file query30.txt (compact mmCIF, C-alpha atoms and all ligand atoms)
# COMPACT_ATOMS: atom_id res chain seq x y z
CA MET A 1328 -219.64 36.79 -30.88
CA LYS A 1329 -217.69 39.96 -30.31
CA VAL A 1330 -217.91 40.82 -26.61
CA LEU A 1331 -216.92 43.94 -24.65
CA ILE A 1332 -216.42 43.84 -20.88
CA VAL A 1333 -216.70 47.16 -19.04
CA GLY A 1334 -214.48 47.54 -15.97
CA GLY A 1335 -210.94 46.75 -14.91
CA GLY A 1336 -210.81 44.93 -11.57
CA GLY A 1337 -210.62 41.37 -10.27
CA ARG A 1338 -214.32 40.81 -10.94
CA GLU A 1339 -213.89 41.80 -14.59
CA HIS A 1340 -210.74 39.67 -14.97
CA THR A 1341 -212.73 36.68 -13.72
CA ILE A 1342 -215.63 37.38 -16.09
CA ALA A 1343 -213.18 37.91 -18.99
CA TYR A 1344 -211.35 34.67 -18.21
CA LYS A 1345 -214.58 32.64 -18.11
CA VAL A 1346 -215.98 34.29 -21.26
CA SER A 1347 -212.66 33.66 -23.06
CA LYS A 1348 -213.31 29.91 -22.67
CA SER A 1349 -216.67 30.08 -24.47
CA PRO A 1350 -216.94 28.47 -27.91
CA LEU A 1351 -219.38 31.28 -28.79
CA LEU A 1352 -216.62 33.92 -28.55
CA THR A 1353 -214.73 35.29 -31.54
CA LYS A 1354 -213.21 38.49 -30.11
CA LEU A 1355 -213.00 39.93 -26.61
CA TYR A 1356 -212.42 43.58 -25.65
CA ALA A 1357 -212.23 45.16 -22.19
CA ALA A 1358 -212.52 48.82 -21.23
CA PRO A 1359 -210.31 49.79 -19.53
CA GLY A 1360 -209.20 46.29 -18.41
CA ASN A 1361 -205.92 45.65 -16.58
CA ALA A 1362 -202.66 43.73 -17.09
CA GLY A 1363 -204.24 40.34 -16.36
CA ILE A 1364 -207.25 40.98 -18.56
CA SER A 1365 -204.92 41.90 -21.44
CA GLU A 1366 -203.90 38.21 -21.58
CA VAL A 1367 -207.40 37.22 -22.72
CA ALA A 1368 -208.82 40.45 -24.18
CA GLU A 1369 -207.78 43.53 -26.12
CA CYS A 1370 -207.87 46.38 -23.61
CA VAL A 1371 -209.04 49.81 -24.75
CA PRO A 1372 -208.33 52.91 -22.65
CA ILE A 1373 -211.93 54.03 -22.05
CA LYS A 1374 -213.13 54.58 -18.49
CA ALA A 1375 -216.04 52.45 -17.25
CA THR A 1376 -218.08 55.60 -16.61
CA ASP A 1377 -217.44 57.22 -20.02
CA ILE A 1378 -220.74 55.96 -21.39
CA ASP A 1379 -220.75 58.01 -24.61
CA ALA A 1380 -217.28 56.76 -25.59
CA LEU A 1381 -218.25 53.16 -24.76
CA VAL A 1382 -221.41 53.33 -26.91
CA LYS A 1383 -219.36 54.82 -29.77
CA PHE A 1384 -216.70 52.10 -29.45
CA ALA A 1385 -219.27 49.27 -29.34
CA SER A 1386 -221.12 50.66 -32.37
CA GLU A 1387 -217.96 51.10 -34.42
CA LYS A 1388 -216.63 47.63 -33.59
CA GLU A 1389 -220.08 46.04 -34.05
CA ILE A 1390 -219.94 44.46 -30.58
CA ASP A 1391 -222.61 41.76 -30.18
CA LEU A 1392 -222.78 41.93 -26.40
CA THR A 1393 -221.44 44.26 -23.70
CA ILE A 1394 -221.11 42.97 -20.12
CA VAL A 1395 -221.01 45.68 -17.45
CA GLY A 1396 -219.01 44.91 -14.28
CA PRO A 1397 -219.11 47.92 -11.90
CA ASP A 1398 -222.06 49.62 -10.20
CA ASP A 1399 -221.48 53.27 -11.09
CA PRO A 1400 -222.07 53.03 -14.88
CA LEU A 1401 -225.19 50.92 -14.22
CA VAL A 1402 -226.60 53.45 -11.77
CA MET A 1403 -225.77 56.20 -14.31
CA GLY A 1404 -227.80 54.39 -16.99
CA ILE A 1405 -225.24 52.64 -19.22
CA ALA A 1406 -227.68 49.84 -20.10
CA ASP A 1407 -230.30 52.35 -21.28
CA ALA A 1408 -227.70 54.17 -23.42
CA PHE A 1409 -226.58 50.94 -25.09
CA LYS A 1410 -230.15 49.82 -25.78
CA ASN A 1411 -231.06 53.23 -27.20
CA ALA A 1412 -228.14 52.80 -29.62
CA GLY A 1413 -229.46 49.35 -30.66
CA LEU A 1414 -226.73 47.48 -28.76
CA ARG A 1415 -227.17 44.34 -26.63
CA VAL A 1416 -226.03 44.77 -23.05
CA PHE A 1417 -225.90 42.64 -19.88
CA GLY A 1418 -226.78 44.68 -16.80
CA PRO A 1419 -229.92 46.31 -15.39
CA ASP A 1420 -231.49 49.52 -16.70
CA LYS A 1421 -231.08 52.63 -14.58
CA ALA A 1422 -234.64 52.16 -13.28
CA ALA A 1423 -233.73 48.73 -11.86
CA ALA A 1424 -230.14 49.54 -10.79
CA ILE A 1425 -231.74 51.92 -8.25
CA ILE A 1426 -231.83 48.98 -5.82
CA GLU A 1427 -228.10 49.60 -5.39
CA GLY A 1428 -228.06 53.33 -6.23
CA SER A 1429 -230.55 54.31 -3.51
CA LYS A 1430 -230.64 52.60 -0.14
CA VAL A 1431 -233.82 54.59 0.58
CA TYR A 1432 -235.49 53.08 -2.48
CA SER A 1433 -234.38 49.55 -1.65
CA LYS A 1434 -235.61 49.81 1.96
CA GLU A 1435 -239.00 51.15 0.79
CA LEU A 1436 -239.28 48.34 -1.74
CA MET A 1437 -238.56 45.71 0.91
CA LYS A 1438 -241.04 47.28 3.34
CA LYS A 1439 -243.80 47.49 0.69
CA TYR A 1440 -243.36 43.86 -0.39
CA ASN A 1441 -242.65 42.35 3.05
CA ILE A 1442 -239.11 41.29 2.20
CA PRO A 1443 -237.28 40.75 5.53
CA THR A 1444 -234.77 43.50 6.36
CA ALA A 1445 -233.67 45.61 9.34
CA GLY A 1446 -236.17 48.18 10.65
CA TYR A 1447 -235.29 51.75 9.58
CA GLU A 1448 -236.15 55.44 9.27
CA VAL A 1449 -235.11 57.89 6.52
CA PHE A 1450 -233.95 61.49 7.15
CA ASP A 1451 -233.14 64.40 4.86
CA ASP A 1452 -232.43 66.73 7.77
CA SER A 1453 -229.43 66.22 10.06
CA VAL A 1454 -231.11 67.82 13.09
CA LYS A 1455 -234.08 65.45 12.88
CA ALA A 1456 -231.72 62.49 12.33
CA LEU A 1457 -229.82 63.38 15.51
CA GLU A 1458 -233.03 63.86 17.51
CA TYR A 1459 -234.14 60.42 16.41
CA ILE A 1460 -230.83 58.80 17.41
CA LYS A 1461 -230.96 60.53 20.83
CA GLN A 1462 -234.55 59.49 21.40
CA GLN A 1463 -233.92 55.87 20.32
CA ASN A 1464 -230.85 55.71 22.58
CA THR A 1465 -230.06 52.18 21.33
CA TYR A 1466 -226.53 51.26 20.31
CA PRO A 1467 -224.99 50.07 18.13
CA THR A 1468 -227.03 51.93 15.55
CA VAL A 1469 -226.43 51.75 11.80
CA ILE A 1470 -226.18 54.88 9.64
CA LYS A 1471 -226.13 54.59 5.86
CA ALA A 1472 -225.63 57.25 3.21
CA GLU A 1473 -228.37 56.86 0.60
CA GLY A 1474 -226.19 56.60 -2.50
CA LEU A 1475 -223.00 54.94 -3.76
CA ALA A 1476 -220.00 55.56 -1.51
CA LEU A 1477 -217.31 53.09 -2.62
CA GLY A 1478 -218.39 50.66 0.10
CA LYS A 1479 -217.66 53.25 2.84
CA GLY A 1480 -221.13 54.70 3.32
CA VAL A 1481 -222.17 52.45 6.24
CA ILE A 1482 -221.24 53.49 9.78
CA ILE A 1483 -221.95 51.29 12.78
CA ALA A 1484 -221.98 53.65 15.75
CA ASN A 1485 -221.47 52.34 19.28
CA ASP A 1486 -222.32 55.66 20.96
CA TYR A 1487 -224.01 59.00 20.32
CA GLU A 1488 -220.78 60.82 19.57
CA THR A 1489 -219.81 58.43 16.75
CA ALA A 1490 -223.33 58.62 15.35
CA ALA A 1491 -223.31 62.43 15.48
CA ASN A 1492 -219.94 62.55 13.70
CA ALA A 1493 -221.23 60.20 11.01
CA ILE A 1494 -224.35 62.33 10.44
CA ASP A 1495 -222.18 65.45 10.28
CA ASP A 1496 -219.73 63.86 7.80
CA ILE A 1497 -222.44 62.48 5.54
CA MET A 1498 -225.11 65.18 5.62
CA GLU A 1499 -223.21 68.42 6.38
CA LYS A 1500 -219.61 67.88 5.24
CA LYS A 1501 -220.91 65.77 2.31
CA VAL A 1502 -217.90 63.44 2.33
CA PHE A 1503 -219.80 61.23 -0.15
CA GLY A 1504 -221.19 64.18 -2.11
CA ASP A 1505 -224.88 63.97 -3.09
CA SER A 1506 -224.90 60.32 -1.95
CA GLY A 1507 -225.35 61.82 1.52
CA ASN A 1508 -228.39 64.02 0.89
CA ARG A 1509 -230.45 61.47 2.78
CA VAL A 1510 -229.52 58.84 5.35
CA VAL A 1511 -231.10 55.59 6.43
CA ILE A 1512 -230.87 54.89 10.16
CA GLU A 1513 -231.24 51.20 10.71
CA GLU A 1514 -231.70 48.63 13.43
CA PHE A 1515 -228.44 46.76 14.18
CA LEU A 1516 -228.72 43.08 13.35
CA THR A 1517 -226.40 40.27 14.38
CA GLY A 1518 -225.56 36.98 12.76
CA PRO A 1519 -223.30 35.53 10.10
CA GLU A 1520 -223.36 37.17 6.66
CA ILE A 1521 -223.83 35.34 3.37
CA SER A 1522 -223.44 36.69 -0.17
CA VAL A 1523 -225.71 35.15 -2.80
CA LEU A 1524 -225.43 36.36 -6.38
CA THR A 1525 -228.31 35.48 -8.70
CA PHE A 1526 -228.91 35.59 -12.44
CA THR A 1527 -232.32 36.97 -13.40
CA ASP A 1528 -234.04 37.88 -16.65
CA GLY A 1529 -237.13 39.21 -14.86
CA LYS A 1530 -239.01 35.92 -15.35
CA THR A 1531 -236.69 33.41 -13.70
CA ILE A 1532 -234.17 33.87 -10.90
CA VAL A 1533 -231.28 31.42 -10.60
CA PRO A 1534 -229.09 31.64 -7.48
CA MET A 1535 -225.38 31.03 -7.90
CA VAL A 1536 -223.43 29.12 -5.25
CA SER A 1537 -223.12 31.04 -1.95
CA ALA A 1538 -220.05 32.90 -0.77
CA GLN A 1539 -218.73 34.89 2.14
CA ASP A 1540 -216.65 38.05 2.01
CA HIS A 1541 -214.09 39.38 4.53
CA LYS A 1542 -214.55 43.14 4.50
CA ARG A 1543 -212.12 44.28 7.21
CA ALA A 1544 -208.49 44.97 6.41
CA PHE A 1545 -206.89 42.76 9.11
CA ASP A 1546 -207.15 39.25 10.56
CA ASN A 1547 -209.98 38.54 13.02
CA ASP A 1548 -212.09 41.20 11.31
CA GLU A 1549 -210.06 44.08 12.68
CA GLY A 1550 -209.21 47.37 11.00
CA LEU A 1551 -211.09 49.44 8.47
CA ASN A 1552 -213.70 48.23 6.02
CA THR A 1553 -212.32 47.54 2.54
CA GLY A 1554 -213.79 46.54 -0.80
CA GLY A 1555 -213.17 42.93 0.33
CA MET A 1556 -209.96 41.16 1.42
CA GLY A 1557 -210.96 37.66 0.42
CA THR A 1558 -213.85 35.29 -0.13
CA PHE A 1559 -214.74 31.65 0.02
CA SER A 1560 -217.50 29.55 -1.51
CA PRO A 1561 -219.66 27.84 -0.42
CA SER A 1562 -220.68 29.61 2.79
CA ARG A 1563 -220.26 27.25 5.75
CA ILE A 1564 -223.79 27.94 7.00
CA TYR A 1565 -225.91 28.16 3.85
CA THR A 1566 -227.87 24.93 4.14
CA LYS A 1567 -230.53 23.69 1.70
CA GLU A 1568 -233.15 24.88 4.23
CA LEU A 1569 -231.71 28.39 4.31
CA GLU A 1570 -231.51 28.42 0.53
CA LYS A 1571 -235.21 27.56 0.31
CA GLU A 1572 -236.09 30.22 2.89
CA CYS A 1573 -234.15 32.80 0.84
CA MET A 1574 -235.70 31.70 -2.45
CA ASP A 1575 -239.26 31.87 -1.05
CA ASN A 1576 -238.98 34.97 1.15
CA ILE A 1577 -236.32 37.06 -0.57
CA PHE A 1578 -235.13 36.17 -4.09
CA VAL A 1579 -238.41 35.51 -5.90
CA PRO A 1580 -240.29 38.28 -4.00
CA THR A 1581 -237.57 40.78 -4.98
CA MET A 1582 -237.80 39.88 -8.67
CA ASN A 1583 -241.60 40.08 -8.51
CA ALA A 1584 -241.54 43.37 -6.59
CA LEU A 1585 -239.31 44.99 -9.23
CA ASN A 1586 -241.63 43.74 -11.97
CA ALA A 1587 -244.66 45.11 -10.10
CA GLU A 1588 -242.94 48.50 -9.84
CA GLY A 1589 -242.27 48.58 -13.60
CA ARG A 1590 -238.54 48.20 -12.96
CA THR A 1591 -237.87 44.71 -14.36
CA PHE A 1592 -234.32 43.68 -13.48
CA LYS A 1593 -232.17 41.83 -16.01
CA GLY A 1594 -228.65 40.98 -14.89
CA VAL A 1595 -227.15 39.95 -11.57
CA ILE A 1596 -228.83 40.78 -8.27
CA PHE A 1597 -226.37 40.36 -5.42
CA PHE A 1598 -228.11 39.73 -2.11
CA GLY A 1599 -226.09 40.69 0.96
CA LEU A 1600 -227.79 38.59 3.65
CA MET A 1601 -227.58 38.08 7.39
CA SER A 1602 -228.81 34.95 9.12
CA THR A 1603 -230.41 36.34 12.30
CA GLU A 1604 -232.35 34.65 15.09
CA LYS A 1605 -235.51 35.89 13.38
CA GLY A 1606 -234.64 34.44 9.98
CA VAL A 1607 -232.54 35.58 7.04
CA LYS A 1608 -232.70 39.32 6.36
CA VAL A 1609 -231.44 41.48 3.52
CA ILE A 1610 -228.57 43.78 4.50
CA GLU A 1611 -228.19 45.24 1.03
CA TYR A 1612 -228.86 44.75 -2.65
CA ASN A 1613 -226.22 45.22 -5.32
CA ALA A 1614 -227.07 45.41 -9.01
CA ARG A 1615 -223.98 43.52 -10.27
CA PHE A 1616 -221.51 40.74 -9.59
CA GLY A 1617 -219.61 41.14 -6.28
CA ASP A 1618 -215.89 41.73 -6.04
CA PRO A 1619 -214.18 39.49 -4.80
CA GLU A 1620 -217.22 37.13 -4.60
CA THR A 1621 -217.13 36.65 -8.39
CA GLN A 1622 -213.63 35.19 -8.22
CA VAL A 1623 -214.76 32.24 -6.10
CA VAL A 1624 -218.30 31.85 -7.41
CA LEU A 1625 -217.48 31.79 -11.14
CA SER A 1626 -214.47 29.53 -10.45
CA ARG A 1627 -217.04 26.87 -9.54
CA LEU A 1628 -219.25 27.41 -12.62
CA GLU A 1629 -219.11 24.49 -15.03
CA SER A 1630 -221.57 25.86 -17.62
CA ASP A 1631 -220.67 28.36 -20.34
CA LEU A 1632 -220.96 31.84 -18.76
CA LEU A 1633 -221.50 33.51 -22.12
CA GLU A 1634 -224.42 31.20 -22.87
CA ILE A 1635 -226.04 32.08 -19.52
CA ILE A 1636 -225.53 35.80 -20.05
CA ASN A 1637 -227.04 35.59 -23.54
CA ALA A 1638 -230.04 33.78 -22.09
CA VAL A 1639 -230.55 36.56 -19.53
CA VAL A 1640 -230.38 39.24 -22.24
CA ASP A 1641 -232.83 37.27 -24.44
CA GLU A 1642 -235.14 36.50 -21.45
CA LYS A 1643 -234.59 32.76 -21.89
CA LEU A 1644 -232.87 31.98 -18.60
CA ALA A 1645 -235.36 29.18 -17.88
CA ASP A 1646 -234.01 27.29 -20.92
CA VAL A 1647 -230.37 27.00 -19.79
CA ASP A 1648 -228.79 24.63 -17.32
CA VAL A 1649 -226.59 26.41 -14.81
CA VAL A 1650 -224.25 23.74 -13.44
CA TRP A 1651 -221.87 24.18 -10.48
CA GLY A 1652 -218.96 22.05 -9.28
CA ASP A 1653 -219.37 20.07 -6.09
CA ASN A 1654 -216.20 21.71 -4.78
CA ALA A 1655 -214.99 24.79 -2.94
CA ALA A 1656 -213.05 27.92 -3.84
CA VAL A 1657 -211.05 30.48 -1.89
CA CYS A 1658 -209.77 33.89 -3.01
CA VAL A 1659 -207.07 35.66 -0.98
CA VAL A 1660 -206.69 39.30 -1.92
CA MET A 1661 -203.12 40.58 -1.99
CA ALA A 1662 -203.24 44.34 -1.42
CA SER A 1663 -200.82 47.25 -1.31
CA GLY A 1664 -199.62 47.96 2.24
CA GLY A 1665 -201.70 50.83 3.64
CA TYR A 1666 -204.89 49.98 1.71
CA PRO A 1667 -207.72 51.04 2.22
CA THR A 1668 -206.18 54.43 3.09
CA LYS A 1669 -202.80 55.56 1.73
CA TYR A 1670 -200.55 53.29 -0.31
CA GLN A 1671 -197.82 53.38 -2.95
CA THR A 1672 -198.03 51.73 -6.37
CA GLY A 1673 -195.67 50.92 -9.23
CA TYR A 1674 -193.84 48.01 -7.54
CA PRO A 1675 -192.87 44.97 -9.65
CA ILE A 1676 -194.76 41.74 -8.87
CA THR A 1677 -193.01 38.35 -9.04
CA GLY A 1678 -194.18 34.75 -8.82
CA ILE A 1679 -197.59 34.85 -10.51
CA GLU A 1680 -196.52 32.26 -13.08
CA GLU A 1681 -195.18 29.95 -10.39
CA ALA A 1682 -198.37 30.28 -8.35
CA GLU A 1683 -200.44 29.36 -11.39
CA LYS A 1684 -198.40 26.17 -11.89
CA ILE A 1685 -200.33 24.74 -8.93
CA PRO A 1686 -203.32 22.88 -10.43
CA ASP A 1687 -206.63 24.80 -10.19
CA VAL A 1688 -205.02 28.03 -9.08
CA LYS A 1689 -205.77 31.22 -10.98
CA VAL A 1690 -204.45 34.65 -10.09
CA TYR A 1691 -207.00 37.32 -10.96
CA HIS A 1692 -205.60 40.80 -11.36
CA ALA A 1693 -207.33 43.74 -9.68
CA GLY A 1694 -204.93 46.71 -9.65
CA THR A 1695 -202.04 45.84 -11.96
CA LYS A 1696 -200.38 47.26 -15.04
CA LEU A 1697 -197.59 46.20 -17.36
CA GLN A 1698 -194.46 48.37 -17.28
CA GLY A 1699 -191.74 47.31 -19.73
CA GLY A 1700 -193.24 43.82 -19.88
CA VAL A 1701 -193.27 43.47 -16.06
CA TYR A 1702 -196.42 43.25 -13.92
CA CYS A 1703 -196.53 46.14 -11.48
CA THR A 1704 -198.91 47.14 -8.69
CA ALA A 1705 -201.38 49.84 -9.73
CA GLY A 1706 -204.10 49.91 -7.07
CA GLY A 1707 -205.13 49.13 -3.50
CA ARG A 1708 -206.29 45.62 -4.15
CA VAL A 1709 -203.65 44.14 -6.46
CA LEU A 1710 -204.38 40.42 -6.97
CA GLY A 1711 -207.05 37.86 -6.06
CA VAL A 1712 -205.23 34.55 -5.66
CA THR A 1713 -207.93 31.94 -6.22
CA ALA A 1714 -207.82 28.18 -5.67
CA VAL A 1715 -210.40 25.46 -6.26
CA ASP A 1716 -210.31 22.07 -4.54
CA GLY A 1717 -212.57 19.31 -3.25
CA ASP A 1718 -213.40 21.04 0.04
CA LEU A 1719 -212.84 24.38 1.76
CA ASP A 1720 -209.92 23.30 3.92
CA LYS A 1721 -207.99 22.00 0.90
CA ALA A 1722 -208.84 25.12 -1.12
CA ILE A 1723 -207.63 27.38 1.74
CA LYS A 1724 -204.32 25.54 1.96
CA LYS A 1725 -203.84 25.65 -1.79
CA ALA A 1726 -204.68 29.37 -2.02
CA TYR A 1727 -202.10 30.19 0.66
CA ASP A 1728 -199.48 27.97 -1.03
CA ALA A 1729 -200.05 30.06 -4.15
CA VAL A 1730 -199.89 33.34 -2.19
CA SER A 1731 -196.51 32.29 -0.76
CA LYS A 1732 -195.02 32.22 -4.28
CA ILE A 1733 -195.98 35.83 -5.00
CA ASP A 1734 -194.09 38.89 -3.88
CA PHE A 1735 -194.16 42.67 -4.18
CA LYS A 1736 -192.99 45.50 -1.92
CA ASP A 1737 -195.30 46.20 1.05
CA LYS A 1738 -197.68 43.37 0.15
CA HIS A 1739 -200.52 42.87 2.63
CA PHE A 1740 -202.99 40.00 2.85
CA ARG A 1741 -205.16 38.41 5.51
CA LYS A 1742 -204.04 35.04 6.80
CA ASP A 1743 -207.47 33.89 7.95
CA ILE A 1744 -209.58 33.85 4.80
CA GLY A 1745 -212.14 31.07 5.08
CA ILE A 1746 -210.97 29.69 8.40
CA LYS A 1747 -213.52 31.29 10.71
CA LYS A 1748 -215.25 28.21 12.09
CA ASP A 1749 -217.54 29.89 14.62
CA LEU A 1750 -220.13 30.54 11.97
CA ILE A 1751 -222.64 27.90 12.86
CA ALA A 1752 -226.17 27.84 11.56
CA ARG A 1753 -228.79 29.35 13.83
P1 LIG B 1 -223.49 47.36 3.26
O1 LIG B 1 -222.57 48.27 2.48
O2 LIG B 1 -224.91 47.82 3.33
O3 LIG B 1 -223.32 45.92 2.86
O4 LIG B 1 -222.93 47.37 4.74
C1 LIG B 1 -221.58 47.06 5.01
C2 LIG B 1 -221.50 46.15 6.18
O5 LIG B 1 -222.07 46.77 7.34
C3 LIG B 1 -222.30 44.86 6.01
O6 LIG B 1 -221.60 43.88 5.32
C4 LIG B 1 -222.56 44.49 7.46
O7 LIG B 1 -221.43 43.83 8.00
C5 LIG B 1 -222.71 45.81 8.14
N1 LIG B 1 -224.13 46.16 8.28
C6 LIG B 1 -224.90 46.84 7.39
N2 LIG B 1 -226.16 46.96 7.84
C7 LIG B 1 -226.20 46.36 9.05
C8 LIG B 1 -227.22 46.17 10.04
N3 LIG B 1 -228.46 46.63 9.89
N4 LIG B 1 -226.89 45.50 11.16
C9 LIG B 1 -225.63 45.04 11.36
N5 LIG B 1 -224.62 45.21 10.47
C10 LIG B 1 -224.90 45.86 9.33
N1 LIG B 2 -217.65 42.39 -2.00
C1 LIG B 2 -218.75 43.25 -1.84
C2 LIG B 2 -219.20 43.94 -3.04
O1 LIG B 2 -218.86 43.61 -4.16
O2 LIG B 2 -219.97 44.88 -2.90

call {"tool": "encode", "arguments": {"input": "query30.txt", "output": "structure tokens", "more": "lines below"}}
Ligand code: AMP
Ligand code: GLY
result
Amino acid sequence: MKVLIVGGGGREHTIAYKVSKSPLLTKLYAAPGNAGISEVAECVPIKATDIDALVKFASEKEIDLTIVGPDDPLVMGIADAFKNAGLRVFGPDKAAAIIEGSKVYSKELMKKYNIPTAGYEVFDDSVKALEYIKQQNTYPTVIKAEGLALGKGVIIANDYETAANAIDDIMEKKVFGDSGNRVVIEEFLTGPEISVLTFTDGKTIVPMVSAQDHKRAFDNDEGLNTGGMGTFSPSRIYTKELEKECMDNIFVPTMNALNAEGRTFKGVIFFGLMSTEKGVKVIEYNARFGDPETQVVLSRLESDLLEIINAVVDEKLADVDVVWGDNAAVCVVMASGGYPTKYQTGYPITGIEEAEKIPDVKVYHAGTKLQGGVYCTAGGRVLGVTAVDGDLDKAIKKAYDAVSKIDFKDKHFRKDIGIKKDLIAR
């Protein structure tokens, strides 16, 4: 099979690396890819959102399957465009990707089908939104821009002033553009978070192993929210009982709800969950693999990823065995100093090869490029240093051993990925 991967971050490097191991593969392309991906795929300089150019490329090269990594092309309708051109594609149609593209839609879906989530109200008028917040007078309160906002569209406000500023930024100043035409104002929930990615072909839904992300920039969950500073798998609290509760109350009902709405979802549904005193609730849906959840989750996959993806596209997911290692994985993100705000790029990176000499360590590239044959930093999140071992504590130690071999100017990474032990089951 000739396969094209759309995207160029750590998630796509991980997918490319796993797909490159498949006996079904004959040729792998990535658009636009990155320096790490270029070791396993031919990178072509087409942006992930340039749908017309991607369709043209896939048609000309007679690509058998295109795997879409990021959310924005999916929400724009890349899967529909590929199918209209007679091309096979892994990722939901625009109609189904709306579960990530519109937080208003996803909340309404959950309410209609009794899928547990935080209570909420929707506003398209900033004055009414502010009146509501004043009248509720309950803090913290959670304010979410309706659309995609690079992971920055959620504000947890501890007082009226912060809430009013958030409403003004989103709805009046339009800092997220049209993504802020409407806001969801949500009940604040507490409890440990769990990420569960699932494969679904609309008939069957198969959960992957659980993971947990670390979204804040600094140790002890301090600093700004980022795209994710590190992950581990499995979650320390996701017991068999919780998994069953999620399957029965959340995963299967979500697949069925989308079918009932005529929006059958084929691809990966990523459930952002919170284990509260009143049961597990959905914090958000994503219509794609998570980044950096993919790095740890797929590191534990023993089955052939390409075979699973083909089965999803052909609606035969029930026929494949999806087998996971009885192990643990940790990914420590090495970022450019200053991320997620201002940072410099273009610095040479050393030590990747040495880090990868440690057994079961793989360094996934996020923001890198090759300059004169040397790996250089090219983004906020630079590398996802990923280690697999028999249990979490061993995997954490191994990941940090690998991190210690790698250097670049102004490098920044969290030193506490995976070690938070206060996350006990409710
Ligand atoms: P989201 O982009 O929707 O995943 O939100 C980003 C982060 O905000 C989540 O990972 C949670 O930590 C937090 N969050 C979102 N919604 C809520 C909520 N209703 N209650 C408490 N925290 C929330
Ligand atoms: N790591 C969170 C996400 O991919 O949205």

call {"tool": "closest_residue", "arguments": {"input": "query30.txt", "among": "A:Gly1594, A:Phe1384, A:Val1607, A:Leu1710", "to": "Thr1566 (chain A)", "atoms": "all atoms listed in the file"}}
result
A:Val1607

call {"tool": "atom_distance", "arguments": {"input": "query30.txt", "atom1": "atom O2 of ligand LIG 1 (chain B)", "atom2": "CA of Glu1513 (chain A)"}}
result
10.3 Å

call {"tool": "closest_residue", "arguments": {"input": "query30.txt", "among": "A:Glu1514, A:Glu1369, A:Asp1451, A:Glu1629", "to": "Thr1468 (chain A)", "atoms": "all atoms listed in the file"}}
result
A:Glu1514

call {"tool": "axis_aligned_box", "arguments": {"input": "query30.txt", "around": "region 1602-1610 of chain A", "padding_each_side": "3 Å", "output": "AutoDock Vina command-line options"}}
result
--center_x -232.0 --center_y 39.1 --center_z 9.3 --size_x 12.9 --size_y 15.3 --size_z 17.6

call {"tool": "atom_distance", "arguments": {"input": "query30.txt", "atom1": "CA of Val1649 (chain A)", "atom2": "CA of Val1712 (chain A)"}}
result
24.6 Å

call {"tool": "atom_distance", "arguments": {"input": "query30.txt", "atom1": "CA of Ser1537 (chain A)", "atom2": "CA of Val1523 (chain A)"}}
result
4.9 Å

call {"tool": "closest_atom_pairs", "arguments": {"input": "query30.txt", "of": "chain A", "to": "ligand LIG 1 (chain B)", "cutoff": "10 Å", "atoms": "only C-alpha atoms and all ligand atoms", "output": "CSV"}}
result
residue,atom,partner,partner_atom,distance
A:Glu1427,CA,B:LIG1,O2,9.5
A:Lys1430,CA,B:LIG1,O2,8.2
A:Thr1444,CA,B:LIG1,N3,7.9
A:Ala1445,CA,B:LIG1,N3,5.3
A:Gly1446,CA,B:LIG1,N3,7.9
A:Tyr1447,CA,B:LIG1,N3,8.5
A:Pro1467,CA,B:LIG1,C9,8.5
A:Thr1468,CA,B:LIG1,N4,7.8
A:Val1469,CA,B:LIG1,N3,5.8
A:Ile1470,CA,B:LIG1,N2,8.1
A:Lys1471,CA,B:LIG1,O2,7.3
A:Ala1472,CA,B:LIG1,O2,9.5
A:Leu1475,CA,B:LIG1,O1,9.1
A:Ala1476,CA,B:LIG1,O1,8.7
A:Leu1477,CA,B:LIG1,O1,8.8
A:Gly1478,CA,B:LIG1,O1,5.4
A:Lys1479,CA,B:LIG1,O1,7.0
A:Gly1480,CA,B:LIG1,O1,6.6
A:Val1481,CA,B:LIG1,O4,5.4
A:Ile1482,CA,B:LIG1,O5,7.2
A:Ile1483,CA,B:LIG1,N5,7.0
A:Val1511,CA,B:LIG1,N3,10.0
A:Ile1512,CA,B:LIG1,N3,8.6
A:Glu1513,CA,B:LIG1,N3,5.4
A:Glu1514,CA,B:LIG1,N3,5.2
A:Phe1515,CA,B:LIG1,N4,3.6
A:Leu1516,CA,B:LIG1,N4,3.7
A:Thr1517,CA,B:LIG1,C9,5.7
A:Gly1518,CA,B:LIG1,C9,8.2
A:Pro1519,CA,B:LIG1,O7,8.8
A:Glu1520,CA,B:LIG1,O7,7.1
A:Ile1521,CA,B:LIG1,O6,9.0
A:Ser1522,CA,B:LIG1,O6,9.2
A:Gln1539,CA,B:LIG1,O6,10.0
A:Asp1540,CA,B:LIG1,O6,8.3
A:His1541,CA,B:LIG1,O6,8.8
A:Lys1542,CA,B:LIG1,O6,7.1
A:Arg1543,CA,B:LIG1,O7,9.4
A:Asn1552,CA,B:LIG1,C1,8.0
A:Thr1553,CA,B:LIG1,C1,9.6
A:Gly1554,CA,B:LIG1,O1,9.5
A:Gly1555,CA,B:LIG1,O6,9.8
A:Phe1598,CA,B:LIG1,O3,9.3
A:Gly1599,CA,B:LIG1,O3,6.2
A:Leu1600,CA,B:LIG1,O6,8.3
A:Met1601,CA,B:LIG1,C4,8.1
A:Thr1603,CA,B:LIG1,N4,9.9
A:Lys1608,CA,B:LIG1,N3,9.2
A:Val1609,CA,B:LIG1,N3,8.7
A:Ile1610,CA,B:LIG1,N2,5.2
A:Glu1611,CA,B:LIG1,O2,4.8
A:Tyr1612,CA,B:LIG1,O2,7.8
A:Asn1613,CA,B:LIG1,O3,8.7
